[in-house]
Amino acid sequence: MTLISDFHVHPDYSIDAAGTIRQFCDRALEIGLRNICFTSHYDSNPRRIEADGYWRYKGQRVRFDDELVGRYIDEIDQAREYYAQYGLGVFRGLEIDYFPGVEGEAQRVRDKYRLDFVVGSVHCLDDIAISDKREAPGYFLKKTLSQMVDDYFSLLRRAAETPAFDCLGHLDYYIRYGHPYYGDDIYEIELERFDEIFAVLKMNGRGIEVNTSPFRFGKRKFHPAKEIIVRAVNSGVSISSVGSDAHKPETLSCGVAEAYELLTALGARPVFPRGL
Ligand SMILES: [Zn+2]
Ligand SMILES: [Zn+2]
């Protein structure tokens, strides 16, 4: 079974990732992936520039700018050209952090670099990264579960309305670091909250990804959880893509085959890469 694609991959341009684009592509060939899309973090919130506004280039931590994004894209294009002989598709992407006001910038980079694929993800609430173990307590400790849910879904809704995004990333990511603070109640969030998001996505022709990152921690789970994926499919929302969210080559495509199995069982298939 080689027809699978991993559409959420962080090469070492991201500070929190390791492994070059070539190393990821070599790994992709080794494990029989058919397509790989690189989705480096693009975090442009001006209130978080000191925390997030850096990439790594030639071993140095540098503020990312258009020139550096251009080099990243060039490197993807070189890999696309080189690996075509092995039948591996290599795609240009970014994972753009959603914050109110990012819409114009997201569209600008999408157009400028003719991106094949853009994941839009909510990582921060009140400008605090709830996706970061060290920062997350600063948010979760001061909010009740219902306050957190209101904050999260109001941003998610705006992200769902953002034209530059092809899909929303890891839809229920608040569970990862929120669970220690709210306990199992966090699983009881009314599924209707997701229905509102699905309605917006459907109206705008966008979808959700199936993110398999929990597999690399030994958990057979997805973001979002299986019941939410089922609900999305049943409500006619497209599954844009499947992605491992790998931050190093060894974890590339971890859980991706399992996600494809689930989607096949549900009669759904990823939209990206288009035309396959
Ligand atoms: Zn993310
Ligand atoms: Zn990611």
# chains A, B, ... in the order shown; residues from 1 in each chain; ligands from 1

$ select_by_dssp --residues "stretch 7-182 of chain A" --states "strand (DSSP E)" --output "ChimeraX atom specification"
/A:7-9,35-42,54-57,60-63,89-97,117-121,124-125,128-129,167-168

$ closest_atom_pairs --of "chain A" --to "ligand 2" --cutoff "8 Å" --atoms "only C-alpha atoms and all ligand atoms" --output "JSON lines"
{"residue": "A:His8", "atom": "CA", "partner": "ligand 2", "partner_atom_place_in_ligand_line": "1 (Zn)", "distance": 6.2}
{"residue": "A:Val9", "atom": "CA", "partner": "ligand 2", "partner_atom_place_in_ligand_line": "1 (Zn)", "distance": 6.7}
{"residue": "A:His10", "atom": "CA", "partner": "ligand 2", "partner_atom_place_in_ligand_line": "1 (Zn)", "distance": 6.5}
{"residue": "A:Thr39", "atom": "CA", "partner": "ligand 2", "partner_atom_place_in_ligand_line": "1 (Zn)", "distance": 7.0}
{"residue": "A:Ser40", "atom": "CA", "partner": "ligand 2", "partner_atom_place_in_ligand_line": "1 (Zn)", "distance": 7.3}
{"residue": "A:His41", "atom": "CA", "partner": "ligand 2", "partner_atom_place_in_ligand_line": "1 (Zn)", "distance": 6.7}
{"residue": "A:Glu95", "atom": "CA", "partner": "ligand 2", "partner_atom_place_in_ligand_line": "1 (Zn)", "distance": 6.3}
{"residue": "A:Gly169", "atom": "CA", "partner": "ligand 2", "partner_atom_place_in_ligand_line": "1 (Zn)", "distance": 7.7}
{"residue": "A:Asp245", "atom": "CA", "partner": "ligand 2", "partner_atom_place_in_ligand_line": "1 (Zn)", "distance": 4.7}
{"residue": "A:Ala246", "atom": "CA", "partner": "ligand 2", "partner_atom_place_in_ligand_line": "1 (Zn)", "distance": 7.5}
{"residue": "A:His247", "atom": "CA", "partner": "ligand 2", "partner_atom_place_in_ligand_line": "1 (Zn)", "distance": 7.9}

$ write_last_selection --atoms "all heavy atoms" --output "mmCIF file, in the first residue's frame"
data_model
loop_
_atom_site.group_PDB
_atom_site.id
_atom_site.type_symbol
_atom_site.label_atom_id
_atom_site.label_comp_id
_atom_site.auth_asym_id
_atom_site.auth_seq_id
_atom_site.Cartn_x
_atom_site.Cartn_y
_atom_site.Cartn_z
ATOM 1 N N HIS A 8 1.340 17.017 6.473
ATOM 2 C CA HIS A 8 1.608 17.922 7.604
ATOM 3 C C HIS A 8 2.971 17.537 8.166
ATOM 4 O O HIS A 8 3.086 16.624 8.988
ATOM 5 C CB HIS A 8 0.504 17.801 8.663
ATOM 6 C CG HIS A 8 0.549 18.876 9.708
ATOM 7 N ND1 HIS A 8 -0.594 19.412 10.271
ATOM 8 C CD2 HIS A 8 1.587 19.520 10.295
ATOM 9 C CE1 HIS A 8 -0.258 20.336 11.151
ATOM 10 N NE2 HIS A 8 1.068 20.409 11.196
ATOM 11 N N VAL A 9 4.001 18.224 7.682
ATOM 12 C CA VAL A 9 5.382 17.838 7.991
ATOM 13 C C VAL A 9 6.219 19.088 8.264
ATOM 14 O O VAL A 9 6.193 20.048 7.489
ATOM 15 C CB VAL A 9 5.993 17.057 6.795
ATOM 16 C CG1 VAL A 9 7.437 16.701 7.074
ATOM 17 C CG2 VAL A 9 5.180 15.797 6.491
ATOM 18 N N HIS A 10 6.959 19.046 9.369
ATOM 19 C CA HIS A 10 7.810 20.193 9.749
ATOM 20 C C HIS A 10 9.290 19.861 9.572
ATOM 21 O O HIS A 10 9.846 19.112 10.370
ATOM 22 C CB HIS A 10 7.547 20.573 11.205
ATOM 23 C CG HIS A 10 6.167 21.074 11.456
ATOM 24 N ND1 HIS A 10 5.785 22.365 11.190
ATOM 25 C CD2 HIS A 10 5.055 20.449 11.923
ATOM 26 C CE1 HIS A 10 4.505 22.521 11.494
ATOM 27 N NE2 HIS A 10 4.029 21.378 11.937
ATOM 28 N N THR A 39 4.988 21.714 5.705
ATOM 29 C CA THR A 39 4.092 22.739 6.258
ATOM 30 C C THR A 39 4.778 23.436 7.440
ATOM 31 O O THR A 39 4.343 23.288 8.590
ATOM 32 C CB THR A 39 2.772 22.091 6.736
ATOM 33 O OG1 THR A 39 3.102 21.009 7.629
ATOM 34 C CG2 THR A 39 1.947 21.551 5.577
ATOM 35 N N SER A 40 5.845 24.157 7.152
ATOM 36 C CA SER A 40 6.550 24.855 8.230
ATOM 37 C C SER A 40 5.616 25.821 8.939
ATOM 38 O O SER A 40 4.724 26.406 8.333
ATOM 39 C CB SER A 40 7.748 25.610 7.661
ATOM 40 O OG SER A 40 8.768 24.705 7.319
ATOM 41 N N HIS A 41 5.886 26.013 10.222
ATOM 42 C CA HIS A 41 5.084 26.970 10.995
ATOM 43 C C HIS A 41 5.269 28.383 10.438
ATOM 44 O O HIS A 41 6.404 28.816 10.209
ATOM 45 C CB HIS A 41 5.548 26.996 12.457
ATOM 46 C CG HIS A 41 5.207 25.765 13.223
ATOM 47 N ND1 HIS A 41 3.928 25.424 13.546
ATOM 48 C CD2 HIS A 41 5.987 24.782 13.746
ATOM 49 C CE1 HIS A 41 3.920 24.289 14.230
ATOM 50 N NE2 HIS A 41 5.165 23.871 14.356
ATOM 51 N N GLU A 95 1.962 25.855 7.608
ATOM 52 C CA GLU A 95 0.937 25.809 8.658
ATOM 53 C C GLU A 95 0.893 27.202 9.269
ATOM 54 O O GLU A 95 1.830 27.617 9.949
ATOM 55 C CB GLU A 95 1.271 24.770 9.732
ATOM 56 C CG GLU A 95 0.210 24.734 10.833
ATOM 57 C CD GLU A 95 0.490 23.740 11.964
ATOM 58 O OE1 GLU A 95 1.644 23.274 12.090
ATOM 59 O OE2 GLU A 95 -0.448 23.458 12.725
ATOM 60 N N GLY A 169 -6.313 22.736 10.964
ATOM 61 C CA GLY A 169 -5.434 21.707 11.529
ATOM 62 C C GLY A 169 -5.915 21.244 12.896
ATOM 63 O O GLY A 169 -6.603 21.988 13.601
ATOM 64 N N ASP A 245 2.175 15.469 11.281
ATOM 65 C CA ASP A 245 2.738 16.559 12.088
ATOM 66 C C ASP A 245 4.141 16.187 12.566
ATOM 67 O O ASP A 245 4.572 16.595 13.646
ATOM 68 C CB ASP A 245 1.822 16.858 13.290
ATOM 69 C CG ASP A 245 1.760 18.336 13.630
ATOM 70 O OD1 ASP A 245 2.683 19.072 13.226
ATOM 71 O OD2 ASP A 245 0.806 18.747 14.303
ATOM 72 N N ALA A 246 4.842 15.379 11.755
ATOM 73 C CA ALA A 246 6.193 14.947 12.134
ATOM 74 C C ALA A 246 7.114 16.152 12.253
ATOM 75 O O ALA A 246 7.085 17.058 11.420
ATOM 76 C CB ALA A 246 6.744 13.985 11.087
ATOM 77 N N HIS A 247 7.923 16.149 13.305
ATOM 78 C CA HIS A 247 8.939 17.188 13.491
ATOM 79 C C HIS A 247 10.340 16.613 13.334
ATOM 80 O O HIS A 247 11.325 17.301 13.565
ATOM 81 C CB HIS A 247 8.777 17.851 14.864
ATOM 82 C CG HIS A 247 7.631 18.832 14.938
ATOM 83 N ND1 HIS A 247 6.319 18.469 14.745
ATOM 84 C CD2 HIS A 247 7.612 20.172 15.171
ATOM 85 C CE1 HIS A 247 5.538 19.547 14.866
ATOM 86 N NE2 HIS A 247 6.299 20.594 15.124
#

$ residues_near_ligand --ligand "ligand 1" --cutoff "12 Å" --atoms "only C-alpha atoms and all ligand atoms" --output "CSV table (one decimal) with C-alpha atoms, in the first residue's frame"
chain,number,residue,atom,x,y,z
A,8,HIS,CA,1.6,17.9,7.6
A,9,VAL,CA,5.4,17.8,8.0
A,10,HIS,CA,7.8,20.2,9.7
A,14,SER,CA,10.9,25.3,12.2
A,16,ASP,CA,11.1,22.9,17.1
A,39,THR,CA,4.1,22.7,6.3
A,40,SER,CA,6.6,24.9,8.2
A,41,HIS,CA,5.1,27.0,11.0
A,42,TYR,CA,4.2,30.5,9.9
A,43,ASP,CA,3.5,32.4,13.1
A,94,LEU,CA,2.7,26.2,5.4
A,95,GLU,CA,0.9,25.8,8.7
A,96,ILE,CA,-0.3,29.3,9.4
A,97,ASP,CA,-1.2,30.1,13.0
A,98,TYR,CA,-4.6,31.7,13.2
A,118,VAL,CA,-2.2,25.8,3.7
A,119,VAL,CA,-3.1,24.4,7.1
A,120,GLY,CA,-4.8,27.0,9.3
A,121,SER,CA,-4.3,26.2,13.0
A,122,VAL,CA,-5.4,27.7,16.3
A,123,HIS,CA,-2.4,27.3,18.7
A,124,CYS,CA,-3.0,30.4,20.9
A,129,ALA,CA,0.3,29.1,23.2
A,130,ILE,CA,-2.0,26.4,24.5
A,131,SER,CA,-0.1,24.0,22.2
A,132,ASP,CA,3.1,24.6,24.3
A,167,CYS,CA,-8.2,23.2,6.0
A,168,LEU,CA,-8.2,23.6,9.7
A,169,GLY,CA,-5.4,21.7,11.5
A,170,HIS,CA,-5.8,19.4,14.6
A,171,LEU,CA,-9.3,20.6,15.4
A,172,ASP,CA,-9.4,19.5,19.0
A,173,TYR,CA,-5.8,20.3,20.0
A,174,TYR,CA,-6.9,21.9,23.3
A,176,ARG,CA,-3.5,17.7,24.5
A,209,GLU,CA,-7.3,17.4,8.4
A,210,VAL,CA,-6.9,14.2,10.2
A,211,ASN,CA,-3.8,14.8,12.3
A,212,THR,CA,-2.1,11.7,13.6
A,213,SER,CA,0.4,13.2,16.0
A,223,HIS,CA,-6.9,15.1,16.2
A,243,GLY,CA,-0.8,14.5,8.3
A,244,SER,CA,1.5,13.1,10.9
A,245,ASP,CA,2.7,16.6,12.1
A,246,ALA,CA,6.2,14.9,12.1
A,247,HIS,CA,8.9,17.2,13.5

$ residues_around --residues "stretch 44-58 of chain A" --least-positions-apart "2" --cutoff "7 Å" --atoms "only C-alpha atoms" --output "list in words"
Asp12, Tyr13, Ser14, Ile15, Tyr42, Gln60, Arg61, Val62, Arg63, Phe64 and Phe99 of chain A

$ select_by_dssp --residues "stretch 88-154 of chain A" --states "helix (DSSP H, G or I)" --output "VMD selection string"
chain A and resid 103 to 112 136 to 140 145 to 154

$ write_last_selection --atoms "N, CA, C and O atoms" --output "mmCIF file, in the first residue's frame"
data_model
loop_
_atom_site.group_PDB
_atom_site.id
_atom_site.type_symbol
_atom_site.label_atom_id
_atom_site.label_comp_id
_atom_site.auth_asym_id
_atom_site.auth_seq_id
_atom_site.Cartn_x
_atom_site.Cartn_y
_atom_site.Cartn_z
ATOM 1 N N GLU A 103 -5.592 37.304 8.395
ATOM 2 C CA GLU A 103 -6.198 36.919 7.120
ATOM 3 C C GLU A 103 -5.439 37.471 5.900
ATOM 4 O O GLU A 103 -5.179 36.753 4.941
ATOM 5 N N GLY A 104 -5.129 38.777 5.939
ATOM 6 C CA GLY A 104 -4.466 39.409 4.794
ATOM 7 C C GLY A 104 -3.067 38.854 4.567
ATOM 8 O O GLY A 104 -2.664 38.567 3.440
ATOM 9 N N GLU A 105 -2.332 38.683 5.662
ATOM 10 C CA GLU A 105 -0.970 38.161 5.574
ATOM 11 C C GLU A 105 -0.987 36.709 5.055
ATOM 12 O O GLU A 105 -0.145 36.317 4.237
ATOM 13 N N ALA A 106 -1.960 35.948 5.516
ATOM 14 C CA ALA A 106 -2.069 34.552 5.079
ATOM 15 C C ALA A 106 -2.311 34.493 3.567
ATOM 16 O O ALA A 106 -1.685 33.706 2.853
ATOM 17 N N GLN A 107 -3.164 35.356 3.088
ATOM 18 C CA GLN A 107 -3.461 35.365 1.654
ATOM 19 C C GLN A 107 -2.239 35.839 0.855
ATOM 20 O O GLN A 107 -1.935 35.311 -0.217
ATOM 21 N N ARG A 108 -1.550 36.836 1.435
ATOM 22 C CA ARG A 108 -0.359 37.365 0.746
ATOM 23 C C ARG A 108 0.693 36.267 0.544
ATOM 24 O O ARG A 108 1.199 36.075 -0.565
ATOM 25 N N VAL A 109 1.022 35.526 1.616
ATOM 26 C CA VAL A 109 2.065 34.495 1.454
ATOM 27 C C VAL A 109 1.566 33.346 0.585
ATOM 28 O O VAL A 109 2.322 32.784 -0.204
ATOM 29 N N ARG A 110 0.310 33.050 0.723
ATOM 30 C CA ARG A 110 -0.246 31.987 -0.128
ATOM 31 C C ARG A 110 -0.053 32.321 -1.613
ATOM 32 O O ARG A 110 0.398 31.492 -2.400
ATOM 33 N N ASP A 111 -0.404 33.569 -1.953
ATOM 34 C CA ASP A 111 -0.312 33.985 -3.359
ATOM 35 C C ASP A 111 1.143 34.141 -3.803
ATOM 36 O O ASP A 111 1.530 33.689 -4.868
ATOM 37 N N LYS A 112 1.927 34.798 -2.943
ATOM 38 C CA LYS A 112 3.303 35.099 -3.335
ATOM 39 C C LYS A 112 4.103 33.831 -3.637
ATOM 40 O O LYS A 112 4.867 33.781 -4.590
ATOM 41 N N ALA A 136 1.136 26.705 28.279
ATOM 42 C CA ALA A 136 -0.282 26.365 28.429
ATOM 43 C C ALA A 136 -0.861 26.658 29.819
ATOM 44 O O ALA A 136 -1.983 27.176 29.918
ATOM 45 N N PRO A 137 -0.124 26.377 30.919
ATOM 46 C CA PRO A 137 -0.717 26.656 32.231
ATOM 47 C C PRO A 137 -1.115 28.122 32.400
ATOM 48 O O PRO A 137 -2.091 28.421 33.090
ATOM 49 N N GLY A 138 -0.373 29.022 31.787
ATOM 50 C CA GLY A 138 -0.666 30.454 31.880
ATOM 51 C C GLY A 138 -2.046 30.805 31.355
ATOM 52 O O GLY A 138 -2.651 31.801 31.753
ATOM 53 N N TYR A 139 -2.562 29.971 30.470
ATOM 54 C CA TYR A 139 -3.920 30.186 29.984
ATOM 55 C C TYR A 139 -4.916 29.315 30.756
ATOM 56 O O TYR A 139 -5.892 29.814 31.315
ATOM 57 N N PHE A 140 -4.657 28.014 30.788
ATOM 58 C CA PHE A 140 -5.654 27.089 31.350
ATOM 59 C C PHE A 140 -5.945 27.363 32.830
ATOM 60 O O PHE A 140 -7.075 27.189 33.281
ATOM 61 N N LEU A 145 -13.490 25.734 32.039
ATOM 62 C CA LEU A 145 -13.624 24.949 30.813
ATOM 63 C C LEU A 145 -14.537 25.667 29.817
ATOM 64 O O LEU A 145 -14.228 25.756 28.630
ATOM 65 N N SER A 146 -15.652 26.216 30.312
ATOM 66 C CA SER A 146 -16.573 26.832 29.336
ATOM 67 C C SER A 146 -15.984 28.126 28.759
ATOM 68 O O SER A 146 -16.229 28.448 27.594
ATOM 69 N N GLN A 147 -15.195 28.841 29.544
ATOM 70 C CA GLN A 147 -14.520 30.034 28.986
ATOM 71 C C GLN A 147 -13.523 29.620 27.903
ATOM 72 O O GLN A 147 -13.431 30.238 26.841
ATOM 73 N N MET A 148 -12.779 28.557 28.186
ATOM 74 C CA MET A 148 -11.792 28.084 27.211
ATOM 75 C C MET A 148 -12.498 27.672 25.921
ATOM 76 O O MET A 148 -12.075 28.035 24.823
ATOM 77 N N VAL A 149 -13.588 26.933 26.080
ATOM 78 C CA VAL A 149 -14.314 26.447 24.897
ATOM 79 C C VAL A 149 -14.838 27.637 24.086
ATOM 80 O O VAL A 149 -14.736 27.653 22.848
ATOM 81 N N ASP A 150 -15.394 28.639 24.772
ATOM 82 C CA ASP A 150 -15.890 29.828 24.049
ATOM 83 C C ASP A 150 -14.755 30.518 23.299
ATOM 84 O O ASP A 150 -14.900 30.895 22.137
ATOM 85 N N ASP A 151 -13.621 30.684 23.976
ATOM 86 C CA ASP A 151 -12.472 31.348 23.336
ATOM 87 C C ASP A 151 -12.010 30.550 22.119
ATOM 88 O O ASP A 151 -11.773 31.101 21.040
ATOM 89 N N TYR A 152 -11.887 29.252 22.316
ATOM 90 C CA TYR A 152 -11.329 28.402 21.261
ATOM 91 C C TYR A 152 -12.236 28.372 20.036
ATOM 92 O O TYR A 152 -11.792 28.595 18.910
ATOM 93 N N PHE A 153 -13.515 28.137 20.283
ATOM 94 C CA PHE A 153 -14.408 27.988 19.135
ATOM 95 C C PHE A 153 -14.674 29.314 18.429
ATOM 96 O O PHE A 153 -14.970 29.332 17.241
ATOM 97 N N SER A 154 -14.547 30.420 19.165
ATOM 98 C CA SER A 154 -14.746 31.678 18.439
ATOM 99 C C SER A 154 -13.571 31.934 17.487
ATOM 100 O O SER A 154 -13.760 32.402 16.364
#

$ residues_around --residues "A:Asp77" --least-positions-apart "6" --cutoff "9 Å" --atoms "only C-alpha atoms" --output "number ranges by chain"
A: 90-92

$ write_last_selection --atoms "C-alpha atoms" --output "tab-separated table (two decimals), in the first residue's frame"
chain	number	residue	atom	x	y	z
A	90	VAL	CA	6.73	16.96	-3.01
A	91	PHE	CA	4.45	19.90	-2.22
A	92	ARG	CA	4.75	23.51	-1.03

$ atom_distance --atom1 "atom CA of A:Tyr83" --atom2 "atom CA of A:Leu68"
22.5 Å

$ atom_distance --atom1 "atom CA of A:Asp184" --atom2 "atom CA of A:Ile128"
22.5 Å

$ closest_residue --among "A:Val200, A:Ile175, A:Leu33, A:Ala28" --to "A:Ala257" --atoms "only C-alpha atoms"
A:Leu33

$ atom_distance --atom1 "atom CA of A:Ala18" --atom2 "atom CA of A:Pro273"
24.4 Å

$ closest_residue --among "A:Ala79, A:Cys37, A:Leu201, A:Ile189" --to "A:Gln23" --atoms "only C-alpha atoms"
A:Ala79

$ decode --residues "stretch 53-146 of chain A" --atoms "C-alpha atoms" --output "CSV table (one decimal), in the first residue's frame"
chain,number,residue,atom,x,y,z
A,53,GLY,CA,8.9,34.8,14.8
A,54,TYR,CA,12.0,32.7,14.1
A,55,TRP,CA,13.1,29.9,11.8
A,56,ARG,CA,16.3,28.0,11.7
A,57,TYR,CA,18.6,28.5,8.7
A,58,LYS,CA,22.0,26.9,8.3
A,59,GLY,CA,22.0,26.2,12.0
A,60,GLN,CA,21.2,29.7,13.1
A,61,ARG,CA,18.0,31.0,14.7
A,62,VAL,CA,16.9,33.9,12.5
A,63,ARG,CA,13.8,36.0,12.2
A,64,PHE,CA,11.9,34.7,9.2
A,65,ASP,CA,11.1,37.0,6.4
A,66,ASP,CA,10.1,36.8,2.8
A,67,GLU,CA,13.7,36.0,1.7
A,68,LEU,CA,13.9,33.0,4.0
A,69,VAL,CA,10.5,31.8,3.1
A,70,GLY,CA,11.6,32.1,-0.6
A,71,ARG,CA,14.6,29.9,0.2
A,72,TYR,CA,12.4,27.3,1.9
A,73,ILE,CA,10.2,27.2,-1.2
A,74,ASP,CA,13.2,26.9,-3.5
A,75,GLU,CA,14.4,24.0,-1.5
A,76,ILE,CA,11.0,22.3,-1.8
A,77,ASP,CA,11.0,22.9,-5.5
A,78,GLN,CA,14.5,21.4,-5.9
A,79,ALA,CA,13.3,18.3,-3.9
A,80,ARG,CA,10.2,18.2,-6.1
A,81,GLU,CA,12.3,18.1,-9.2
A,82,TYR,CA,14.9,15.6,-7.8
A,83,TYR,CA,12.4,13.1,-6.2
A,84,ALA,CA,10.1,13.0,-9.2
A,85,GLN,CA,12.3,10.3,-10.7
A,86,TYR,CA,11.4,8.1,-7.7
A,87,GLY,CA,7.7,8.8,-8.0
A,88,LEU,CA,7.5,10.9,-4.9
A,89,GLY,CA,5.3,14.0,-5.0
A,90,VAL,CA,6.7,17.0,-3.0
A,91,PHE,CA,4.5,19.9,-2.2
A,92,ARG,CA,4.8,23.5,-1.0
A,93,GLY,CA,2.9,24.2,2.1
A,94,LEU,CA,2.7,26.2,5.4
A,95,GLU,CA,0.9,25.8,8.7
A,96,ILE,CA,-0.3,29.3,9.4
A,97,ASP,CA,-1.2,30.1,13.0
A,98,TYR,CA,-4.6,31.7,13.2
A,99,PHE,CA,-5.1,35.0,15.1
A,100,PRO,CA,-7.6,37.7,14.4
A,101,GLY,CA,-6.0,39.9,11.8
A,102,VAL,CA,-3.8,37.3,10.1
A,103,GLU,CA,-6.2,36.9,7.1
A,104,GLY,CA,-4.5,39.4,4.8
A,105,GLU,CA,-1.0,38.2,5.6
A,106,ALA,CA,-2.1,34.6,5.1
A,107,GLN,CA,-3.5,35.4,1.7
A,108,ARG,CA,-0.4,37.4,0.7
A,109,VAL,CA,2.1,34.5,1.5
A,110,ARG,CA,-0.2,32.0,-0.1
A,111,ASP,CA,-0.3,34.0,-3.4
A,112,LYS,CA,3.3,35.1,-3.3
A,113,TYR,CA,4.7,31.6,-3.0
A,114,ARG,CA,1.9,29.8,-4.9
A,115,LEU,CA,1.5,27.4,-2.1
A,116,ASP,CA,-0.1,24.0,-2.9
A,117,PHE,CA,-1.6,23.7,0.5
A,118,VAL,CA,-2.2,25.8,3.7
A,119,VAL,CA,-3.1,24.4,7.1
A,120,GLY,CA,-4.8,27.0,9.3
A,121,SER,CA,-4.3,26.2,13.0
A,122,VAL,CA,-5.4,27.7,16.3
A,123,HIS,CA,-2.4,27.3,18.7
A,124,CYS,CA,-3.0,30.4,20.9
A,125,LEU,CA,-5.7,31.7,23.0
A,126,ASP,CA,-5.3,35.2,24.5
A,127,ASP,CA,-2.0,35.2,22.7
A,128,ILE,CA,-0.8,32.3,24.9
A,129,ALA,CA,0.3,29.1,23.2
A,130,ILE,CA,-2.0,26.4,24.5
A,131,SER,CA,-0.1,24.0,22.2
A,132,ASP,CA,3.1,24.6,24.3
A,133,LYS,CA,3.5,22.6,27.5
A,134,ARG,CA,5.4,25.5,29.2
A,135,GLU,CA,3.0,28.2,28.2
A,136,ALA,CA,-0.3,26.4,28.4
A,137,PRO,CA,-0.7,26.7,32.2
A,138,GLY,CA,-0.7,30.5,31.9
A,139,TYR,CA,-3.9,30.2,30.0
A,140,PHE,CA,-5.7,27.1,31.3
A,141,LEU,CA,-5.1,28.0,35.0
A,142,LYS,CA,-7.1,31.3,34.6
A,143,LYS,CA,-10.0,30.0,32.5
A,144,THR,CA,-12.9,27.7,33.3
A,145,LEU,CA,-13.6,24.9,30.8
A,146,SER,CA,-16.6,26.8,29.3
